[in-house]
Every structure is written in C-alpha cells, then in structure tokens.
file model06.txt (compact mmCIF, C-alpha atoms)
# COMPACT_ATOMS: atom_id res chain seq x y z
CA MET A 1 -18.37 8.79 1.95
CA GLU A 2 -18.02 12.25 0.40
CA LYS A 3 -14.24 11.86 0.13
CA LEU A 4 -14.74 8.49 -1.57
CA LYS A 5 -17.20 10.00 -4.08
CA GLU A 6 -14.84 12.90 -4.82
CA ASN A 7 -11.84 10.61 -5.41
CA ILE A 8 -13.73 8.06 -7.49
CA ILE A 9 -15.21 10.69 -9.80
CA LYS A 10 -11.83 12.45 -10.19
CA ILE A 11 -10.09 9.21 -11.11
CA TYR A 12 -12.77 7.32 -13.05
CA GLY A 13 -15.14 10.02 -14.33
CA SER A 14 -18.51 8.77 -15.60
CA LYS A 15 -17.48 5.15 -14.99
CA GLY A 16 -16.97 6.06 -11.34
CA GLU A 17 -20.35 7.80 -11.14
CA ASN A 18 -22.09 4.70 -12.50
CA TRP A 19 -20.18 2.50 -10.07
CA LEU A 20 -21.20 4.67 -7.12
CA ALA A 21 -24.84 4.62 -8.22
CA GLY A 22 -24.80 0.83 -8.44
CA LEU A 23 -23.22 0.18 -5.03
CA PRO A 24 -26.46 -0.42 -3.07
CA ARG A 25 -27.54 -3.09 -5.55
CA SER A 26 -24.07 -4.70 -5.56
CA VAL A 27 -24.06 -4.86 -1.75
CA ASP A 28 -27.52 -6.45 -1.65
CA GLN A 29 -26.57 -9.06 -4.26
CA LEU A 30 -23.42 -10.17 -2.46
CA LYS A 31 -25.09 -10.01 0.93
CA THR A 32 -27.47 -12.69 -0.32
CA ALA A 33 -24.93 -14.68 -2.36
CA TRP A 34 -22.39 -14.91 0.47
CA GLY A 35 -24.80 -15.06 3.43
CA LEU A 36 -23.67 -11.82 5.05
CA SER A 37 -25.31 -9.88 7.87
CA LYS A 38 -24.97 -6.70 9.94
CA LEU A 39 -23.10 -4.88 7.16
CA LYS A 40 -22.06 -1.30 7.85
CA PRO A 41 -19.61 0.97 6.00
CA LEU A 42 -16.30 1.88 7.57
CA SER A 43 -15.52 5.53 8.21
CA ASN A 44 -12.84 7.49 6.33
CA LEU A 45 -13.38 5.76 3.00
CA SER A 46 -11.05 7.04 0.28
CA TYR A 47 -10.65 4.83 -2.83
CA SER A 48 -12.73 1.69 -2.10
CA TYR A 49 -16.15 1.09 -0.57
CA VAL A 50 -15.54 -1.08 2.49
CA LEU A 51 -18.06 -2.59 4.90
CA GLU A 52 -17.68 -4.75 7.97
CA GLY A 53 -20.11 -7.43 9.04
CA PHE A 54 -20.47 -11.16 9.55
CA GLN A 55 -20.69 -14.37 7.55
CA GLY A 56 -22.46 -16.62 10.00
CA GLU A 57 -20.58 -15.86 13.19
CA SER A 58 -17.29 -15.02 11.47
CA PRO A 59 -16.28 -11.33 11.24
CA ILE A 60 -15.71 -10.25 7.64
CA ILE A 61 -14.84 -7.28 5.44
CA LEU A 62 -16.64 -6.67 2.14
CA LYS A 63 -14.66 -4.44 -0.21
CA PHE A 64 -15.67 -2.95 -3.56
CA SER A 65 -13.55 -1.18 -6.18
CA PRO A 66 -14.49 0.27 -9.58
CA ASP A 67 -11.30 -1.33 -10.95
CA ALA A 68 -11.75 -5.11 -11.05
CA ASP A 69 -8.11 -5.55 -12.07
CA LEU A 70 -7.05 -4.03 -8.75
CA THR A 71 -9.21 -6.39 -6.73
CA ASP A 72 -7.95 -9.33 -8.80
CA LYS A 73 -4.37 -8.39 -7.98
CA GLU A 74 -5.17 -7.77 -4.32
CA ALA A 75 -6.73 -11.23 -4.06
CA ARG A 76 -3.69 -12.84 -5.76
CA THR A 77 -1.31 -10.99 -3.45
CA LEU A 78 -3.19 -11.92 -0.27
CA ASP A 79 -3.30 -15.55 -1.41
CA ALA A 80 0.46 -15.45 -2.06
CA PHE A 81 1.00 -14.09 1.47
CA LYS A 82 -1.27 -16.69 3.08
CA GLY A 83 0.40 -18.04 6.21
CA PHE A 84 2.84 -15.14 6.36
CA GLY A 85 0.76 -12.51 8.15
CA ALA A 86 -1.98 -11.35 5.78
CA VAL A 87 -5.76 -11.53 6.10
CA SER A 88 -7.40 -14.39 4.18
CA VAL A 89 -9.49 -14.07 1.02
CA LEU A 90 -12.90 -15.73 1.56
CA GLY A 91 -14.51 -14.75 -1.73
CA HIS A 92 -13.79 -12.77 -4.90
CA LYS A 93 -16.29 -11.69 -7.54
CA ASN A 94 -16.70 -8.86 -10.08
CA GLY A 95 -14.58 -6.21 -8.37
CA ALA A 96 -15.61 -7.26 -4.86
CA LEU A 97 -13.58 -9.01 -2.17
CA LEU A 98 -14.82 -10.90 0.86
CA LEU A 99 -12.03 -10.88 3.43
CA GLU A 100 -11.29 -12.16 6.90
CA ARG A 101 -11.70 -9.25 9.34
CA ALA A 102 -8.84 -8.54 11.72
CA VAL A 103 -10.06 -8.51 15.34
CA PRO A 104 -9.79 -6.24 17.26
CA GLY A 105 -8.41 -4.55 14.13
CA THR A 106 -6.63 -1.59 15.73
CA LEU A 107 -4.41 0.23 13.25
CA LEU A 108 -0.72 0.04 14.13
CA LYS A 109 -0.63 3.81 13.62
CA ASN A 110 -3.15 4.24 16.46
CA SER A 111 -1.48 1.93 18.97
CA LEU A 112 1.66 1.77 21.08
CA PRO A 113 4.14 4.60 21.60
CA LYS A 114 5.41 5.97 18.29
CA GLU A 115 8.96 4.75 18.90
CA ASN A 116 7.72 1.13 19.19
CA ARG A 117 5.54 1.10 16.09
CA ILE A 118 8.38 1.11 13.59
CA GLU A 119 9.85 -2.04 15.17
CA ILE A 120 6.48 -3.82 14.92
CA ALA A 121 6.27 -2.78 11.25
CA CYS A 122 9.74 -4.27 10.66
CA LYS A 123 8.75 -7.58 12.25
CA VAL A 124 5.58 -7.74 10.14
CA MET A 125 7.67 -6.96 7.07
CA GLU A 126 10.19 -9.70 7.86
CA ARG A 127 7.42 -12.27 8.03
CA LEU A 128 5.86 -11.17 4.72
CA LEU A 129 9.22 -11.27 2.98
CA GLN A 130 9.50 -15.00 3.78
CA ALA A 131 6.63 -15.82 1.40
CA PRO A 132 7.71 -17.83 -1.67
CA LEU A 133 8.28 -15.86 -4.86
CA PRO A 134 5.22 -16.37 -7.10
CA SER A 135 5.40 -17.55 -10.70
CA LYS A 136 6.77 -15.07 -13.20
CA GLY A 137 4.24 -12.77 -14.82
CA LEU A 138 1.67 -12.70 -12.03
CA PHE A 139 2.88 -9.37 -10.65
CA PRO A 140 4.61 -6.28 -12.06
CA HIS A 141 8.26 -5.59 -11.33
CA ILE A 142 9.28 -2.59 -9.23
CA GLU A 143 11.09 -1.12 -12.24
CA GLU A 144 7.74 -0.92 -14.05
CA TRP A 145 6.42 1.22 -11.20
CA LEU A 146 9.55 3.38 -11.07
CA ALA A 147 9.29 4.16 -14.77
CA ALA A 148 6.61 6.74 -13.89
CA VAL A 149 9.35 8.97 -12.44
CA ASP A 150 10.88 9.29 -15.93
CA LYS A 151 7.72 10.82 -17.37
CA GLU A 152 6.87 14.52 -17.37
CA TRP A 153 4.42 15.66 -14.70
CA ASP A 154 3.16 18.96 -13.37
CA LEU A 155 5.55 18.67 -10.44
CA PRO A 156 8.70 20.60 -9.46
CA LYS A 157 11.35 19.82 -12.06
CA GLU A 158 14.17 19.70 -9.52
CA HIS A 159 12.44 16.90 -7.59
CA LEU A 160 11.85 14.85 -10.73
CA GLU A 161 15.43 15.25 -11.93
CA ARG A 162 16.88 14.35 -8.53
CA ALA A 163 14.61 11.30 -8.23
CA ARG A 164 15.59 10.08 -11.71
CA LYS A 165 19.29 10.33 -10.95
CA LEU A 166 18.94 8.65 -7.55
CA LYS A 167 16.81 5.87 -9.00
CA LYS A 168 19.37 5.10 -11.69
CA ASN A 169 22.24 4.98 -9.19
CA LEU A 170 20.34 3.02 -6.53
CA LEU A 171 19.13 0.34 -8.92
CA LYS A 172 22.78 -0.63 -9.41
CA ASN A 173 22.84 -1.66 -5.71
CA ASP A 174 19.75 -3.88 -5.95
CA SER A 175 21.55 -7.19 -5.63
CA ALA A 176 19.44 -8.97 -2.99
CA PRO A 177 17.18 -11.86 -4.11
CA GLU A 178 13.82 -10.56 -5.29
CA VAL A 179 10.64 -11.22 -3.32
CA LEU A 180 6.94 -10.42 -3.44
CA LEU A 181 6.38 -7.02 -1.86
CA HIS A 182 3.21 -5.68 -0.26
CA GLY A 183 3.96 -2.40 -2.01
CA ASP A 184 2.12 -0.06 0.37
CA LEU A 185 3.00 -1.23 3.86
CA HIS A 186 2.16 1.93 5.78
CA GLN A 187 1.05 1.72 9.39
CA GLU A 188 -2.66 1.96 8.57
CA ASN A 189 -2.35 -1.26 6.56
CA ILE A 190 -1.09 -3.19 9.61
CA LEU A 191 -3.88 -4.22 12.00
CA SER A 192 -3.99 -6.03 15.33
CA HIS A 193 -5.39 -9.55 15.10
CA GLY A 194 -5.59 -11.73 18.18
CA ASN A 195 -2.18 -11.51 19.82
CA GLY A 196 -0.39 -10.45 16.63
CA TRP A 197 -0.59 -8.29 13.54
CA VAL A 198 -1.80 -8.82 9.98
CA VAL A 199 -1.63 -6.77 6.80
CA ILE A 200 -4.38 -5.60 4.47
CA ASP A 201 -4.64 -3.84 1.11
CA PRO A 202 -1.47 -5.09 -0.65
CA LYS A 203 -0.59 -3.81 -4.12
CA GLY A 204 1.65 -6.73 -5.15
CA VAL A 205 4.96 -6.03 -6.87
CA ILE A 206 8.23 -7.93 -7.31
CA GLY A 207 11.49 -6.37 -6.16
CA CYS A 208 14.35 -6.43 -3.67
CA PRO A 209 13.33 -6.27 0.02
CA ILE A 210 14.63 -2.71 0.47
CA HIS A 211 11.70 -1.47 -1.63
CA GLU A 212 9.23 -2.52 1.08
CA VAL A 213 10.46 -0.25 3.84
CA TRP A 214 9.55 3.24 2.66
CA ALA A 215 5.81 3.28 3.37
CA CYS A 216 6.02 2.46 7.09
CA VAL A 217 8.04 5.61 7.84
CA GLU A 218 6.29 8.11 10.12
CA ASN A 219 9.18 10.22 11.33
CA PRO A 220 11.90 10.25 8.65
CA GLN A 221 14.53 11.73 10.96
CA GLN A 222 14.29 8.74 13.34
CA ASP A 223 12.69 5.93 11.33
CA LEU A 224 15.13 5.90 8.41
CA LYS A 225 18.05 5.43 10.80
CA PHE A 226 16.14 2.67 12.62
CA LEU A 227 15.35 0.87 9.36
CA SER A 228 18.96 1.11 8.23
CA ALA A 229 20.20 -0.42 11.50
CA TYR A 230 17.43 -3.06 11.73
CA PHE A 231 17.86 -4.47 8.24
CA GLY A 232 21.52 -3.62 7.75
CA TYR A 233 20.93 -1.49 4.65
CA PRO A 234 23.30 1.44 4.04
CA PHE A 235 21.64 4.64 5.24
CA LYS A 236 22.25 6.34 1.90
CA ASP A 237 20.25 3.59 0.16
CA ILE A 238 17.37 3.74 2.67
CA ALA A 239 17.16 7.53 2.53
CA GLY A 240 17.62 7.65 -1.24
CA TRP A 241 14.89 5.12 -1.96
CA TYR A 242 12.57 6.84 0.50
CA TYR A 243 12.99 10.06 -1.46
CA VAL A 244 12.48 8.33 -4.82
CA ARG A 245 9.33 6.59 -3.61
CA LEU A 246 7.92 9.88 -2.30
CA ILE A 247 8.37 11.40 -5.74
CA LEU A 248 6.87 8.28 -7.34
CA ALA A 249 3.83 8.69 -5.06
CA ALA A 250 3.60 12.34 -6.11
CA CYS A 251 3.68 11.26 -9.77
CA TRP A 252 0.81 8.84 -9.19
CA GLN A 253 -1.19 11.57 -7.45
CA ALA A 254 -0.58 13.87 -10.42
CA GLU A 255 -1.65 11.11 -12.81
CA ASP A 256 -4.97 10.74 -10.98
CA GLY A 257 -5.52 14.49 -10.69
CA LEU A 258 -5.08 14.36 -6.91
CA ASP A 259 -3.11 16.54 -4.50
CA ALA A 260 0.59 15.61 -4.31
CA SER A 261 1.59 18.27 -1.76
CA ARG A 262 1.99 15.88 1.21
CA PHE A 263 4.54 13.73 -0.63
CA LEU A 264 6.38 16.74 -2.03
CA ALA A 265 6.61 18.32 1.45
CA LEU A 266 8.09 15.11 2.89
CA ALA A 267 10.56 14.90 -0.01
CA GLN A 268 11.63 18.49 0.61
CA SER A 269 12.07 17.83 4.32
CA ILE A 270 14.62 15.03 3.81
CA LEU A 271 16.80 16.80 1.25
CA PRO A 272 19.57 17.38 3.86
CA MET A 273 19.74 13.57 4.31
CA ILE A 274 20.21 12.78 0.64
CA GLU A 275 22.06 15.78 -0.79
CA PRO A 276 25.50 14.22 -0.04
CA TYR A 277 24.50 11.25 -2.23
CA SER A 278 22.45 12.93 -4.98
CA SER A 279 24.95 15.38 -6.45
call {"tool": "encode", "arguments": {"input": "model06.txt", "output": "structure tokens"}}
result
Amino acid sequence: MEKLKENIIKIYGSKGENWLAGLPRSVDQLKTAWGLSKLKPLSNLSYSYVLEGFQGESPIILKFSPDADLTDKEARTLDAFKGFGAVSVLGHKNGALLLERAVPGTLLKNSLPKENRIEIACKVMERLLQAPLPSKGLFPHIEEWLAAVDKEWDLPKEHLERARKLKKNLLKNDSAPEVLLHGDLHQENILSHGNGWVVIDPKGVIGCPIHEVWACVENPQQDLKFLSAYFGYPFKDIAGWYYVRLILAACWQAEDGLDASRFLALAQSILPMIEPYSS
C-alpha cells in the first residue's frame, strides 16, 4: 500500500491524496451496490487499488483508479477482447471496475520454466490479435504514443536520438493490417484461468501486430530471437522496436516523475543487437 500511495501522490498530487483518503468510502459504497463480500486488497499494489472477493459465489476483482478515463478505456478494451482471452467486465462506475477474477490466477511470470513462458505469451497474443478491429476513434493509434519519444526529457540524449531515428525507419516497415493491441502484455498481465490463460490490465491502442510483442520479453538475448522466429518478423525489426519501446517507457516514467533506470538499463544492454541497424 505504501508504494501505491507514493506513486499516486507523485503522479496526481493533491487529487491523488484526496482519492486515497476517499477509498474506504468508495469501497463500502460499491460493496453494497454490487453485492460484494470478503473483499481484501491484493499485495504489491502500484498504480491502482485492487481487491479480490466475491459477488455471490463468483470470484471477482474490484479495481479503483484516480483516473476515470483510464478505467473507461480499460473497460472498452476488455469488452473488445471478449471471447479472445481477456477477463470479463462485470461492472463499471466512476473510476471503478468490477471484473471476473482469473482462477487460480497464477501469474505467467511465476509459473513454468522460463524458456516455456515466452511461447505461452505468444499463444495468448495470437488469440488476442484475432479480435475484430473496433470502430475508429475509440482508441489511440500507436503513433500517438510514440510521439512522446520526440519530446525533450531528462534522459540520456543518445538514447532519445537513437530511438527517434529507429522509430522513423521502422514505421516505414509497418505494412501489416492494424489490430487492437493490449499495449502492455508483460508476463504479470497474463494469468492462469481454468485450463488456459487470460489477460488483464490492457491499455488499448491501435497498431500493427509487431507492436504487441515487446512487453512480454524477459530475457532479451533469447526472447527476441524466439519472437522473431515465432511470428516471422525480421530480427532487426523486433530488436529495434523493443529498444524504441523501452525508451518510450522511460519517457513515460520521466513524465510521471518516476524512476526510468530499469528501462534505460535494458535499452543499454541490447545496444549490440541494434547498432548494426541504427547507424
């Protein structure tokens, strides 16, 4: 809970403090309105207040965010992915989401040998990418996200310049039909459910399928080669976009006043992979 408080106040300031203070009342109101029981917060909360519990006998997740626009978009994205491997939206109100709870809900990151997890992530991704493209205007385009790389941030200049050049060159190769992307499909957003896997916490963005693969990478040295072979993307495109997205993530951290060092360290570590293509 302390990490959640720290992040919320850094990002939202006094609005975040007021939101935190009002959480107990918000929980009580929705507990009554939606007939919920046995609610308890999850551990390791970071940017949203998330509880698990029951609606009748059905396991549920109750999720709160100080940014109602984010929960609106998450609900729209999950509805768009309905039937293609995402948890279901059961209710949506004033910055709160009532969601189907994955059971047993083991994170992909915490299951199976590491070398098998990337293949599971690819299969989950393939299923999501089959969802119909939503109506125009419901979701941002990936180029809107990538525009953040062109701004000035308190980040190493050489990384920003390299990411800008790579982005410009790689966008010329984006010829595949556009789809709805999860946008943050890392292995903690893929959970076991029955005999399969489902996704949670989508961001919702339109773009070519190659833009979905970066977040699931755990070991760049092995996983980028696997992704290239699995999907048939040129390795230079996979590695280049991975680098660009790491720098984009660092830009977003800088925008929110958060620590970008993890993303910068990963970007630095893969420079030998991309230097032949970024000069």
call {"tool": "closest_atom_pairs", "arguments": {"input": "model06.txt", "of": "stretch 168-194 of chain A", "to": "stretch 240-254 of chain A", "cutoff": "10 Å", "atoms": "all atoms listed in the file", "output": "JSON lines"}}
result
{"residue": "A:Asn169", "atom": "CA", "partner": "A:Gly240", "partner_atom": "CA", "distance": 9.6}
{"residue": "A:Leu170", "atom": "CA", "partner": "A:Trp241", "partner_atom": "CA", "distance": 7.4}
{"residue": "A:Leu171", "atom": "CA", "partner": "A:Trp241", "partner_atom": "CA", "distance": 9.4}
call {"tool": "atom_distance", "arguments": {"input": "model06.txt", "atom1": "atom CA of A:Val103", "atom2": "atom CA of A:Gly194"}}
result
6.2 Å
call {"tool": "closest_residue", "arguments": {"input": "model06.txt", "among": "A:Ser111, A:Ser65, A:Thr32, A:Asn94", "to": "A:Ser192", "atoms": "all atoms listed in the file"}}
result
A:Ser111
call {"tool": "closest_residue", "arguments": {"input": "model06.txt", "among": "A:Leu191, A:Ile61, A:Ala229, A:Leu146", "to": "A:Gly207", "atoms": "all atoms listed in the file"}}
result
A:Leu146
call {"tool": "atom_distance", "arguments": {"input": "model06.txt", "atom1": "atom CA of A:Phe139", "atom2": "atom CA of A:Ser88"}}
result
18.7 Å
call {"tool": "atom_distance", "arguments": {"input": "model06.txt", "atom1": "atom CA of A:Lys63", "atom2": "atom CA of A:Asp79"}}
result
15.9 Å
call {"tool": "residues_near_point", "arguments": {"input": "model06.txt", "point": "(15.9, 1.3, 14.2)", "cutoff": "12 Å", "atoms": "only C-alpha atoms", "output": "VMD selection string"}}
result
chain A and resid 115 to 123 213 217 219 to 233 235 238
call {"tool": "closest_residue", "arguments": {"input": "model06.txt", "among": "A:Glu6, A:Glu100, A:Glu74, A:Glu255", "to": "A:Glu52", "atoms": "only C-alpha atoms"}}
result
A:Glu100
call {"tool": "residues_around", "arguments": {"input": "model06.txt", "residues": "A:Glu275", "least_positions_apart": "2", "cutoff": "12 Å", "atoms": "only C-alpha atoms", "output": "ChimeraX atom specification"}}
result
/A:159,162-163,165-166,236,239-240,243,267-273,277-279
call {"tool": "closest_residue", "arguments": {"input": "model06.txt", "among": "A:Gly56, A:Leu20, A:Phe263, A:Trp214", "to": "A:Pro156", "atoms": "all atoms listed in the file"}}
result
A:Phe263
call {"tool": "closest_residue", "arguments": {"input": "model06.txt", "among": "A:Pro140, A:Asn173, A:Pro66, A:Leu36", "to": "A:Glu17", "atoms": "only C-alpha atoms"}}
result
A:Pro66
call {"tool": "axis_aligned_box", "arguments": {"input": "model06.txt", "around": "stretch 257-265 of chain A", "padding_each_side": "6 Å", "output": "JSON"}}
result
{"center_x": 0.5, "center_y": 16.0, "center_z": -4.6, "size_x": 24.1, "size_y": 16.6, "size_z": 24.1}
call {"tool": "closest_residue", "arguments": {"input": "model06.txt", "among": "A:Leu258, A:Tyr49, A:Thr77, A:Ile142", "to": "A:Glu178", "atoms": "all atoms listed in the file"}}
result
A:Ile142
call {"tool": "decode", "arguments": {"input": "model06.txt", "residues": "stretch 3-78 of chain A", "atoms": "C-alpha atoms", "output": "JSON list (two decimals), in the first residue's frame"}}
result
[["chain", "number", "residue", "atom", "x", "y", "z"],
["A", 3, "LYS", "CA", 4.19, 2.02, -2.86],
["A", 4, "LEU", "CA", 0.70, 2.77, -4.19],
["A", 5, "LYS", "CA", 0.43, 5.91, -2.03],
["A", 6, "GLU", "CA", 3.88, 7.09, -3.12],
["A", 7, "ASN", "CA", 3.13, 6.61, -6.84],
["A", 8, "ILE", "CA", -0.34, 8.14, -6.71],
["A", 9, "ILE", "CA", 0.84, 11.27, -4.90],
["A", 10, "LYS", "CA", 3.82, 11.67, -7.27],
["A", 11, "ILE", "CA", 1.61, 11.40, -10.34],
["A", 12, "TYR", "CA", -1.61, 13.09, -9.21],
["A", 13, "GLY", "CA", -0.57, 15.37, -6.34],
["A", 14, "SER", "CA", -3.43, 16.70, -4.18],
["A", 15, "LYS", "CA", -6.00, 14.97, -6.40],
["A", 16, "GLY", "CA", -4.28, 11.69, -5.59],
["A", 17, "GLU", "CA", -4.25, 12.44, -1.86],
["A", 18, "ASN", "CA", -7.99, 13.11, -1.91],
["A", 19, "TRP", "CA", -8.59, 9.93, -3.89],
["A", 20, "LEU", "CA", -6.60, 7.86, -1.39],
["A", 21, "ALA", "CA", -8.49, 9.39, 1.53],
["A", 22, "GLY", "CA", -11.82, 8.54, -0.08],
["A", 23, "LEU", "CA", -11.03, 4.91, -0.90],
["A", 24, "PRO", "CA", -12.64, 3.31, 2.19],
["A", 25, "ARG", "CA", -15.93, 5.08, 1.46],
["A", 26, "SER", "CA", -15.76, 4.17, -2.24],
["A", 27, "VAL", "CA", -15.17, 0.50, -1.39],
["A", 28, "ASP", "CA", -18.10, 0.44, 1.04],
["A", 29, "GLN", "CA", -20.45, 2.06, -1.48],
["A", 30, "LEU", "CA", -19.66, -0.39, -4.26],
["A", 31, "LYS", "CA", -19.62, -3.34, -1.90],
["A", 32, "THR", "CA", -23.27, -2.57, -1.18],
["A", 33, "ALA", "CA", -24.24, -1.54, -4.73],
["A", 34, "TRP", "CA", -22.76, -4.64, -6.36],
["A", 35, "GLY", "CA", -23.42, -7.16, -3.58],
["A", 36, "LEU", "CA", -19.77, -7.95, -2.87],
["A", 37, "SER", "CA", -18.28, -9.87, 0.04],
["A", 38, "LYS", "CA", -14.97, -11.00, 1.53],
["A", 39, "LEU", "CA", -13.07, -8.11, -0.07],
["A", 40, "LYS", "CA", -9.35, -7.91, 0.63],
["A", 41, "PRO", "CA", -6.61, -5.86, -1.07],
["A", 42, "LEU", "CA", -4.03, -7.55, -3.24],
["A", 43, "SER", "CA", -0.37, -7.25, -2.30],
["A", 44, "ASN", "CA", 2.20, -5.28, -4.34],
["A", 45, "LEU", "CA", -0.20, -2.52, -5.38],
["A", 46, "SER", "CA", 1.45, 0.09, -7.58],
["A", 47, "TYR", "CA", -0.89, 2.39, -9.58],
["A", 48, "SER", "CA", -4.42, 1.11, -8.83],
["A", 49, "TYR", "CA", -6.19, -0.05, -5.68],
["A", 50, "VAL", "CA", -7.23, -3.65, -6.34],
["A", 51, "LEU", "CA", -9.23, -6.01, -4.14],
["A", 52, "GLU", "CA", -10.35, -9.59, -4.59],
["A", 53, "GLY", "CA", -13.58, -11.02, -3.27],
["A", 54, "PHE", "CA", -16.90, -12.49, -4.32],
["A", 55, "GLN", "CA", -20.18, -11.45, -5.91],
["A", 56, "GLY", "CA", -22.47, -14.16, -4.66],
["A", 57, "GLU", "CA", -20.36, -17.24, -5.24],
["A", 58, "SER", "CA", -18.46, -15.82, -8.22],
["A", 59, "PRO", "CA", -14.84, -14.72, -7.68],
["A", 60, "ILE", "CA", -14.33, -11.07, -8.62],
["A", 61, "ILE", "CA", -11.76, -8.28, -8.74],
["A", 62, "LEU", "CA", -12.67, -4.72, -7.71],
["A", 63, "LYS", "CA", -10.28, -2.14, -9.14],
["A", 64, "PHE", "CA", -10.08, 1.60, -8.46],
["A", 65, "SER", "CA", -8.07, 4.30, -10.26],
["A", 66, "PRO", "CA", -7.88, 8.06, -9.69],
["A", 67, "ASP", "CA", -8.09, 8.48, -13.47],
["A", 68, "ALA", "CA", -11.61, 7.59, -14.62],
["A", 69, "ASP", "CA", -10.55, 7.93, -18.27],
["A", 70, "LEU", "CA", -8.11, 5.06, -17.77],
["A", 71, "THR", "CA", -10.76, 2.77, -16.32],
["A", 72, "ASP", "CA", -13.15, 3.76, -19.12],
["A", 73, "LYS", "CA", -10.56, 2.74, -21.71],
["A", 74, "GLU", "CA", -9.69, -0.46, -19.85],
["A", 75, "ALA", "CA", -13.35, -1.45, -19.81],
["A", 76, "ARG", "CA", -13.72, -0.70, -23.55],
["A", 77, "THR", "CA", -10.58, -2.71, -24.34],
["A", 78, "LEU", "CA", -11.64, -5.73, -22.28]]
